[in-house]
>>> print(open('model11.txt').read())   # compact mmCIF, C-alpha atoms
# COMPACT_ATOMS: atom_id res chain seq x y z
CA MET A 216 103.62 17.37 -128.30
CA TYR A 217 102.95 13.64 -128.30
CA ILE A 218 106.57 12.51 -128.80
CA GLU A 219 107.76 14.69 -125.92
CA LYS A 220 105.16 13.09 -123.66
CA ALA A 221 106.29 9.66 -124.79
CA ALA A 222 109.92 10.52 -124.03
CA ASN A 223 108.93 11.25 -120.45
CA ARG A 224 107.34 7.79 -120.29
CA GLY A 225 110.35 6.03 -121.78
CA GLY A 226 109.36 6.02 -125.44
CA PHE A 227 107.39 3.62 -127.64
CA SER A 228 107.49 -0.15 -127.99
CA THR A 229 108.52 -1.50 -131.40
CA ILE A 230 104.98 -2.78 -131.95
CA ARG A 231 103.56 0.67 -131.19
CA ILE A 232 106.03 2.29 -133.60
CA ARG A 233 105.01 -0.15 -136.33
CA ASN A 234 101.32 0.57 -135.80
CA MET A 235 101.93 4.32 -135.79
CA ALA A 236 104.02 4.10 -138.97
CA ARG A 237 101.28 2.11 -140.69
CA GLU A 238 98.60 4.63 -139.74
CA ILE A 239 100.73 7.57 -140.88
CA LEU A 240 101.36 5.88 -144.22
CA ASN A 241 97.68 5.01 -144.62
CA GLY A 242 96.87 8.70 -144.22
CA VAL A 243 99.59 9.76 -146.65
CA ASP A 244 98.49 7.13 -149.18
CA PHE A 245 94.93 8.47 -148.99
CA LEU A 246 96.17 12.01 -149.65
CA HIS A 247 98.37 10.97 -152.56
CA ASN A 248 95.58 8.90 -154.12
CA ASN A 249 93.55 12.10 -154.09
CA ARG A 250 96.45 14.09 -155.57
CA ILE A 251 97.15 16.02 -152.41
CA VAL A 252 100.66 16.70 -151.11
CA HIS A 253 100.65 17.52 -147.40
CA ARG A 254 103.99 19.39 -147.60
CA ASP A 255 104.49 19.82 -143.84
CA LEU A 256 104.57 16.40 -142.24
CA LYS A 257 106.33 16.42 -138.86
CA PRO A 258 105.64 14.99 -135.39
CA GLN A 259 103.85 18.17 -134.29
CA ASN A 260 101.30 17.61 -137.07
CA LEU A 261 100.35 14.12 -135.91
CA LEU A 262 97.37 13.99 -133.58
CA VAL A 263 96.50 11.03 -131.37
CA THR A 264 92.85 10.17 -130.81
CA HIS A 265 91.49 9.14 -127.42
CA ASP A 266 91.79 5.48 -128.49
CA GLY A 267 95.40 5.88 -129.62
CA HIS A 268 95.02 6.21 -133.39
CA ILE A 269 97.11 8.63 -135.45
CA LYS A 270 95.53 11.40 -137.51
CA LEU A 271 97.34 13.76 -139.88
CA ALA A 272 96.75 17.42 -139.03
CA ASP A 273 97.54 20.98 -140.16
CA PHE A 274 96.77 21.04 -143.86
CA GLY A 275 97.62 24.73 -144.17
CA LEU A 276 100.38 24.00 -146.69
CA ALA A 277 98.65 21.07 -148.40
CA LYS A 278 98.37 21.37 -152.16
CA THR A 279 96.24 19.63 -154.75
CA TYR A 280 98.27 18.88 -157.85
CA ASP A 281 97.98 17.25 -161.25
CA PHE A 282 100.65 15.25 -163.00
CA GLU A 283 101.71 18.22 -165.13
CA MET A 284 102.00 20.67 -162.26
CA GLN A 285 105.42 21.52 -160.90
CA LEU A 286 105.45 22.55 -157.25
CA THR A 287 108.32 24.85 -156.32
CA SER A 288 107.49 26.91 -153.23
CA VAL A 289 109.63 26.25 -150.15
CA VAL A 290 107.65 24.17 -147.69
CA VAL A 291 108.14 21.58 -144.95
CA THR A 292 109.84 22.31 -141.64
CA LEU A 293 113.62 22.21 -142.24
CA TRP A 294 114.44 19.00 -140.35
CA TYR A 295 111.88 17.02 -142.37
CA ARG A 296 112.54 18.65 -145.74
CA ALA A 297 113.48 16.44 -148.70
CA PRO A 298 116.69 17.15 -150.67
CA GLU A 299 114.79 18.30 -153.76
CA VAL A 300 113.06 20.99 -151.68
CA LEU A 301 116.34 22.01 -150.02
CA LEU A 302 117.85 22.43 -153.48
CA GLY A 303 114.94 24.54 -154.73
CA LEU A 304 113.81 21.98 -157.31
CA THR A 305 110.30 21.05 -158.37
CA TYR A 306 108.73 18.33 -156.28
CA ALA A 307 105.65 16.16 -155.78
CA THR A 308 104.40 13.42 -153.45
CA PRO A 309 107.88 11.97 -152.67
CA VAL A 310 108.53 14.97 -150.37
CA ASP A 311 105.92 13.57 -147.98
CA ILE A 312 107.57 10.14 -148.04
CA TRP A 313 110.92 11.67 -147.05
CA SER A 314 109.22 13.40 -144.11
CA VAL A 315 107.59 10.14 -143.01
CA GLY A 316 110.96 8.38 -143.12
CA CYS A 317 112.36 11.05 -140.80
CA ILE A 318 109.36 10.71 -138.50
CA ILE A 319 109.61 6.91 -138.23
CA ALA A 320 113.30 7.18 -137.32
CA GLU A 321 112.37 9.77 -134.71
CA LEU A 322 109.78 7.46 -133.16
CA TYR A 323 112.66 5.13 -132.28
CA THR A 324 115.09 7.77 -130.97
CA LEU A 325 112.71 10.53 -129.80
CA LYS A 326 114.94 13.09 -131.52
CA ALA A 327 115.11 14.35 -135.08
CA LEU A 328 117.46 12.40 -137.36
CA PHE A 329 118.74 15.44 -139.30
CA ARG A 330 118.96 18.68 -137.31
CA GLY A 331 120.33 21.33 -139.64
CA THR A 332 120.26 25.10 -139.21
CA SER A 333 120.00 26.10 -142.89
CA GLU A 334 119.33 24.44 -146.25
CA GLY A 335 123.04 23.79 -146.83
CA ASP A 336 123.62 22.57 -143.29
CA GLN A 337 120.57 20.32 -143.51
CA LEU A 338 121.95 18.67 -146.66
CA ASN A 339 125.29 18.29 -144.92
CA LYS A 340 123.61 16.58 -141.96
CA ILE A 341 121.78 14.26 -144.36
CA PHE A 342 124.94 13.32 -146.26
CA LYS A 343 126.90 12.69 -143.05
CA ILE A 344 124.41 9.94 -142.20
CA LEU A 345 123.24 8.65 -145.58
CA GLY A 346 126.43 9.37 -147.50
CA LYS A 347 126.97 11.87 -150.29
CA PRO A 348 125.05 10.79 -153.39
CA PRO A 349 127.04 9.99 -156.54
CA ARG A 350 127.52 12.76 -159.07
CA SER A 351 125.13 10.94 -161.43
CA GLU A 352 122.29 11.44 -158.92
CA TRP A 353 122.88 15.17 -158.47
CA PRO A 354 120.27 17.27 -160.28
CA LYS A 355 121.18 18.45 -163.76
CA GLU A 356 119.35 21.74 -163.18
CA ASN A 357 121.20 24.75 -161.85
CA VAL A 358 120.90 24.75 -158.07
CA SER A 359 122.14 27.30 -155.57
CA ILE A 360 124.08 24.71 -153.55
CA LYS A 361 126.85 23.04 -155.54
CA TYR A 362 127.80 19.37 -155.41
CA GLU A 363 131.39 20.32 -154.63
CA SER A 364 130.26 22.10 -151.46
CA PHE A 365 130.04 18.76 -149.67
CA ASP A 366 132.80 16.38 -148.69
CA ILE A 367 132.62 12.82 -149.98
CA VAL A 368 131.52 10.75 -147.00
CA ASP A 369 130.34 7.18 -146.56
CA SER A 370 127.00 6.42 -144.98
CA VAL A 371 126.66 5.67 -141.29
CA ASP A 372 124.97 2.40 -140.34
CA LEU A 373 121.61 3.38 -138.88
CA TYR A 374 122.09 0.72 -136.21
CA HIS A 375 124.73 2.98 -134.66
CA LEU A 376 122.19 5.79 -134.38
CA ILE A 377 119.13 3.66 -133.61
CA PRO A 378 120.27 0.57 -131.66
CA ASN A 379 116.75 -0.87 -131.30
CA LEU A 380 116.05 -0.69 -135.05
CA CYS A 381 115.09 -4.01 -136.64
CA THR A 382 116.45 -5.00 -140.06
CA THR A 383 113.17 -4.47 -141.90
CA ALA A 384 112.55 -1.07 -140.30
CA LYS A 385 116.03 0.02 -141.34
CA ASP A 386 115.37 -1.10 -144.92
CA LEU A 387 112.05 0.75 -145.07
CA ILE A 388 113.48 3.97 -143.64
CA LEU A 389 116.37 3.92 -146.12
CA LYS A 390 113.95 3.40 -149.02
CA MET A 391 112.01 6.45 -147.80
CA LEU A 392 115.21 8.48 -147.46
CA GLU A 393 116.39 7.80 -151.00
CA PHE A 394 118.07 10.96 -152.33
CA ASN A 395 116.55 10.62 -155.80
CA PRO A 396 112.78 11.23 -155.46
CA ASN A 397 112.13 9.09 -158.54
CA LYS A 398 113.64 6.11 -156.70
CA ARG A 399 111.95 6.82 -153.37
CA ILE A 400 109.36 4.28 -152.26
CA SER A 401 105.70 5.35 -152.48
CA ALA A 402 103.24 5.22 -149.60
CA LEU A 403 101.43 2.26 -151.17
CA GLU A 404 104.68 0.38 -151.71
CA ALA A 405 105.76 1.15 -148.16
CA LEU A 406 102.55 -0.31 -146.77
CA SER A 407 103.37 -3.58 -148.57
CA HIS A 408 106.90 -3.67 -147.15
CA VAL A 409 107.85 -6.73 -145.11
CA TYR A 410 108.24 -4.47 -142.06
CA PHE A 411 104.44 -4.46 -141.79
CA THR A 412 103.91 -8.15 -142.55
CA GLU A 413 106.58 -9.92 -140.49
CA GLU A 414 105.84 -11.29 -137.05
CA PRO A 415 106.30 -8.38 -134.59
CA ILE A 416 108.72 -8.59 -131.70
CA ASN A 417 107.51 -6.58 -128.71
CA THR A 418 110.55 -4.76 -127.31
>>> encode(input="model11.txt", output="structure tokens")
Amino acid sequence: MYIEKAANRGGFSTIRIRNMAREILNGVDFLHNNRIVHRDLKPQNLLVTHDGHIKLADFGLAKTYDFEMQLTSVVVTLWYRAPEVLLGLTYATPVDIWSVGCIIAELYTLKALFRGTSEGDQLNKIFKILGKPPRSEWPKENVSIKYESFDIVDSVDLYHLIPNLCTTAKDLILKMLEFNPNKRISALEALSHVYFTEEPINT
């Protein structure tokens, strides 16, 4: 796996992470423009070409959708699974954005940000870092995991978990890891984020 190899070499520079994030998002934006949800984005499904470019791989769970279709099947490897999938709700392209947010964070730390062992535990891991969402954001539909199952916790500053994270990278990741999929940034919006336009600092 590419990230494991990088860990043995000491990880990625911030410029390399930015370039990788841009290429991942370009691929995801292409899919979403063609109404395709990848549904299983994770580091193991990112291939690196001989000249160092990133390619999305393993489209075994990819799904073409239209705007009236409601996807419900359980997909995405647990650690990269969006809250709406963990709760068994319908979903669309924002599930890929959540996965990319997890991947970008992992490029900095070389370990998964949320490492749960079940759907409930995964949500608990998410809330312990991002904070429990307000009741108003909890889905109105009946879900198997109840809001009351989780303690009210404040978010953890990502700087404590990712010391080499720059301010703009933190902002982008948090916009990708928005609990409410309707408020989550799109791939196209992410590509226009200041993280990709500011002067890079090579650290």
>>> closest_residue(input="model11.txt", among="A:His375, A:Arg296, A:Lys355, A:Lys257", to="A:Lys340", atoms="all atoms listed in the file")
A:Arg296
>>> residues_around(input="model11.txt", residues="A:Glu352", least_positions_apart="6", cutoff="12 Å", atoms="all atoms listed in the file", output="list in words")
Pro298, Glu299, Tyr362, Glu393, Phe394, Asn395, Pro396, Asn397 and Lys398 of chain A
>>> residues_around(input="model11.txt", residues="A:Lys347", least_positions_apart="6", cutoff="8 Å", atoms="all atoms listed in the file", output="MDAnalysis selection string")
chainID A and resid 365:370
>>> closest_residue(input="model11.txt", among="A:Leu406, A:Leu293, A:Leu345, A:Val358", to="A:Leu240", atoms="all atoms listed in the file")
A:Leu406
>>> closest_residue(input="model11.txt", among="A:Thr308, A:Leu387, A:Leu261, A:Ile341", to="A:Phe411", atoms="all atoms listed in the file")
A:Leu387
>>> closest_residue(input="model11.txt", among="A:Asn249, A:Thr292, A:Val409, A:Lys343", to="A:Cys381", atoms="all atoms listed in the file")
A:Val409
>>> closest_residue(input="model11.txt", among="A:Leu262, A:Leu338, A:Leu403, A:Ile239", to="A:Leu302", atoms="all atoms listed in the file")
A:Leu338
>>> atom_distance(input="model11.txt", atom1="atom CA of A:Asn260", atom2="atom CA of A:Val315")
11.4 Å
>>> atom_distance(input="model11.txt", atom1="atom CA of A:Leu325", atom2="atom CA of A:Leu389")
18.0 Å
>>> closest_residue(input="model11.txt", among="A:Lys361, A:Lys326, A:Lys390, A:His268", to="A:Asn234", atoms="only C-alpha atoms")
A:His268
>>> atom_distance(input="model11.txt", atom1="atom CA of A:Gly331", atom2="atom CA of A:Ile319")
18.0 Å
>>> axis_aligned_box(input="model11.txt", around="stretch 370-374 of chain A", padding_each_side="6 Å", output="JSON")
{"center_x": 124.3, "center_y": 3.6, "center_z": -140.6, "size_x": 17.4, "size_y": 17.7, "size_z": 20.8}
>>> residues_near_point(input="model11.txt", point="(112.2, -2.0, -134.1)", cutoff="8 Å", atoms="all atoms listed in the file", output="ChimeraX atom specification")
/A:228-230,232-233,323,379-382,384,416,418
>>> decode(input="model11.txt", residues="stretch 360-398 of chain A", atoms="N, CA and C atoms", output="PDB file, in the first residue's frame")
ATOM      1  N   ILE A 360     -29.542   3.584  15.361  1.00  0.00           N
ATOM      2  CA  ILE A 360     -28.691   4.110  16.430  1.00  0.00           C
ATOM      3  C   ILE A 360     -29.277   5.434  16.899  1.00  0.00           C
ATOM      4  N   LYS A 361     -29.624   5.529  18.150  1.00  0.00           N
ATOM      5  CA  LYS A 361     -30.326   6.693  18.673  1.00  0.00           C
ATOM      6  C   LYS A 361     -29.368   7.815  19.066  1.00  0.00           C
ATOM      7  N   TYR A 362     -29.857   9.038  18.964  1.00  0.00           N
ATOM      8  CA  TYR A 362     -29.075  10.222  19.318  1.00  0.00           C
ATOM      9  C   TYR A 362     -28.603  10.150  20.762  1.00  0.00           C
ATOM     10  N   GLU A 363     -29.466   9.632  21.634  1.00  0.00           N
ATOM     11  CA  GLU A 363     -29.147   9.566  23.064  1.00  0.00           C
ATOM     12  C   GLU A 363     -28.054   8.548  23.376  1.00  0.00           C
ATOM     13  N   SER A 364     -27.692   7.729  22.408  1.00  0.00           N
ATOM     14  CA  SER A 364     -26.661   6.714  22.638  1.00  0.00           C
ATOM     15  C   SER A 364     -25.275   7.325  22.817  1.00  0.00           C
ATOM     16  N   PHE A 365     -25.138   8.590  22.437  1.00  0.00           N
ATOM     17  CA  PHE A 365     -23.822   9.226  22.442  1.00  0.00           C
ATOM     18  C   PHE A 365     -23.773  10.356  23.457  1.00  0.00           C
ATOM     19  N   ASP A 366     -22.660  10.425  24.168  1.00  0.00           N
ATOM     20  CA  ASP A 366     -22.460  11.517  25.115  1.00  0.00           C
ATOM     21  C   ASP A 366     -22.269  12.826  24.358  1.00  0.00           C
ATOM     22  N   ILE A 367     -22.663  13.921  25.005  1.00  0.00           N
ATOM     23  CA  ILE A 367     -22.420  15.237  24.424  1.00  0.00           C
ATOM     24  C   ILE A 367     -20.951  15.587  24.646  1.00  0.00           C
ATOM     25  N   VAL A 368     -20.221  15.748  23.575  1.00  0.00           N
ATOM     26  CA  VAL A 368     -18.792  16.060  23.673  1.00  0.00           C
ATOM     27  C   VAL A 368     -18.463  17.219  22.746  1.00  0.00           C
ATOM     28  N   ASP A 369     -17.484  18.007  23.142  1.00  0.00           N
ATOM     29  CA  ASP A 369     -17.005  19.093  22.291  1.00  0.00           C
ATOM     30  C   ASP A 369     -15.991  18.545  21.295  1.00  0.00           C
ATOM     31  N   SER A 370     -15.807  19.277  20.230  1.00  0.00           N
ATOM     32  CA  SER A 370     -14.840  18.846  19.222  1.00  0.00           C
ATOM     33  C   SER A 370     -13.411  19.009  19.729  1.00  0.00           C
ATOM     34  N   VAL A 371     -12.530  18.216  19.158  1.00  0.00           N
ATOM     35  CA  VAL A 371     -11.101  18.302  19.446  1.00  0.00           C
ATOM     36  C   VAL A 371     -10.450  19.121  18.336  1.00  0.00           C
ATOM     37  N   ASP A 372      -9.586  20.039  18.696  1.00  0.00           N
ATOM     38  CA  ASP A 372      -8.886  20.820  17.677  1.00  0.00           C
ATOM     39  C   ASP A 372      -7.996  19.883  16.862  1.00  0.00           C
ATOM     40  N   LEU A 373      -8.192  19.879  15.556  1.00  0.00           N
ATOM     41  CA  LEU A 373      -7.418  18.976  14.699  1.00  0.00           C
ATOM     42  C   LEU A 373      -5.918  19.205  14.810  1.00  0.00           C
ATOM     43  N   TYR A 374      -5.520  20.404  15.232  1.00  0.00           N
ATOM     44  CA  TYR A 374      -4.089  20.664  15.400  1.00  0.00           C
ATOM     45  C   TYR A 374      -3.466  19.736  16.443  1.00  0.00           C
ATOM     46  N   HIS A 375      -4.278  19.309  17.424  1.00  0.00           N
ATOM     47  CA  HIS A 375      -3.757  18.404  18.448  1.00  0.00           C
ATOM     48  C   HIS A 375      -3.505  17.010  17.875  1.00  0.00           C
ATOM     49  N   LEU A 376      -4.270  16.647  16.857  1.00  0.00           N
ATOM     50  CA  LEU A 376      -4.128  15.330  16.235  1.00  0.00           C
ATOM     51  C   LEU A 376      -3.170  15.364  15.050  1.00  0.00           C
ATOM     52  N   ILE A 377      -3.114  16.518  14.380  1.00  0.00           N
ATOM     53  CA  ILE A 377      -2.282  16.659  13.184  1.00  0.00           C
ATOM     54  C   ILE A 377      -1.457  17.932  13.343  1.00  0.00           C
ATOM     55  N   PRO A 378      -0.340  17.869  14.058  1.00  0.00           N
ATOM     56  CA  PRO A 378       0.438  19.076  14.375  1.00  0.00           C
ATOM     57  C   PRO A 378       0.938  19.848  13.156  1.00  0.00           C
ATOM     58  N   ASN A 379       1.192  19.152  12.043  1.00  0.00           N
ATOM     59  CA  ASN A 379       1.729  19.830  10.858  1.00  0.00           C
ATOM     60  C   ASN A 379       0.643  20.300   9.901  1.00  0.00           C
ATOM     61  N   LEU A 380      -0.600  20.358  10.379  1.00  0.00           N
ATOM     62  CA  LEU A 380      -1.725  20.784   9.547  1.00  0.00           C
ATOM     63  C   LEU A 380      -1.735  22.305   9.440  1.00  0.00           C
ATOM     64  N   CYS A 381      -1.847  22.828   8.225  1.00  0.00           N
ATOM     65  CA  CYS A 381      -1.954  24.277   8.061  1.00  0.00           C
ATOM     66  C   CYS A 381      -3.412  24.697   8.242  1.00  0.00           C
ATOM     67  N   THR A 382      -3.629  25.988   8.445  1.00  0.00           N
ATOM     68  CA  THR A 382      -4.969  26.504   8.731  1.00  0.00           C
ATOM     69  C   THR A 382      -5.949  26.199   7.609  1.00  0.00           C
ATOM     70  N   THR A 383      -5.521  26.373   6.370  1.00  0.00           N
ATOM     71  CA  THR A 383      -6.434  26.158   5.250  1.00  0.00           C
ATOM     72  C   THR A 383      -6.745  24.677   5.040  1.00  0.00           C
ATOM     73  N   ALA A 384      -5.769  23.814   5.294  1.00  0.00           N
ATOM     74  CA  ALA A 384      -6.024  22.372   5.195  1.00  0.00           C
ATOM     75  C   ALA A 384      -7.032  21.945   6.254  1.00  0.00           C
ATOM     76  N   LYS A 385      -6.882  22.465   7.455  1.00  0.00           N
ATOM     77  CA  LYS A 385      -7.827  22.162   8.527  1.00  0.00           C
ATOM     78  C   LYS A 385      -9.234  22.580   8.127  1.00  0.00           C
ATOM     79  N   ASP A 386      -9.371  23.783   7.580  1.00  0.00           N
ATOM     80  CA  ASP A 386     -10.688  24.282   7.178  1.00  0.00           C
ATOM     81  C   ASP A 386     -11.308  23.401   6.102  1.00  0.00           C
ATOM     82  N   LEU A 387     -10.506  23.000   5.121  1.00  0.00           N
ATOM     83  CA  LEU A 387     -11.017  22.151   4.046  1.00  0.00           C
ATOM     84  C   LEU A 387     -11.458  20.797   4.586  1.00  0.00           C
ATOM     85  N   ILE A 388     -10.641  20.180   5.416  1.00  0.00           N
ATOM     86  CA  ILE A 388     -10.982  18.866   5.967  1.00  0.00           C
ATOM     87  C   ILE A 388     -12.281  18.942   6.760  1.00  0.00           C
ATOM     88  N   LEU A 389     -12.436  19.978   7.580  1.00  0.00           N
ATOM     89  CA  LEU A 389     -13.656  20.108   8.382  1.00  0.00           C
ATOM     90  C   LEU A 389     -14.880  20.330   7.499  1.00  0.00           C
ATOM     91  N   LYS A 390     -14.726  21.024   6.392  1.00  0.00           N
ATOM     92  CA  LYS A 390     -15.849  21.208   5.463  1.00  0.00           C
ATOM     93  C   LYS A 390     -16.219  19.883   4.794  1.00  0.00           C
ATOM     94  N   MET A 391     -15.241  19.016   4.599  1.00  0.00           N
ATOM     95  CA  MET A 391     -15.503  17.696   4.025  1.00  0.00           C
ATOM     96  C   MET A 391     -16.118  16.752   5.052  1.00  0.00           C
ATOM     97  N   LEU A 392     -15.808  16.981   6.320  1.00  0.00           N
ATOM     98  CA  LEU A 392     -16.303  16.114   7.390  1.00  0.00           C
ATOM     99  C   LEU A 392     -17.493  16.739   8.104  1.00  0.00           C
ATOM    100  N   GLU A 393     -18.278  17.502   7.368  1.00  0.00           N
ATOM    101  CA  GLU A 393     -19.522  18.063   7.894  1.00  0.00           C
ATOM    102  C   GLU A 393     -20.526  16.926   8.087  1.00  0.00           C
ATOM    103  N   PHE A 394     -21.135  16.858   9.285  1.00  0.00           N
ATOM    104  CA  PHE A 394     -22.063  15.769   9.588  1.00  0.00           C
ATOM    105  C   PHE A 394     -23.239  15.754   8.616  1.00  0.00           C
ATOM    106  N   ASN A 395     -23.809  16.900   8.356  1.00  0.00           N
ATOM    107  CA  ASN A 395     -24.968  17.008   7.474  1.00  0.00           C
ATOM    108  C   ASN A 395     -24.495  16.962   6.020  1.00  0.00           C
ATOM    109  N   PRO A 396     -24.865  15.927   5.262  1.00  0.00           N
ATOM    110  CA  PRO A 396     -24.371  15.810   3.887  1.00  0.00           C
ATOM    111  C   PRO A 396     -24.807  16.967   2.999  1.00  0.00           C
ATOM    112  N   ASN A 397     -25.941  17.601   3.333  1.00  0.00           N
ATOM    113  CA  ASN A 397     -26.417  18.729   2.541  1.00  0.00           C
ATOM    114  C   ASN A 397     -25.551  19.971   2.736  1.00  0.00           C
ATOM    115  N   LYS A 398     -24.775  19.996   3.808  1.00  0.00           N
ATOM    116  CA  LYS A 398     -23.882  21.124   4.086  1.00  0.00           C
ATOM    117  C   LYS A 398     -22.425  20.804   3.749  1.00  0.00           C
TER     118      LYS A 398
END
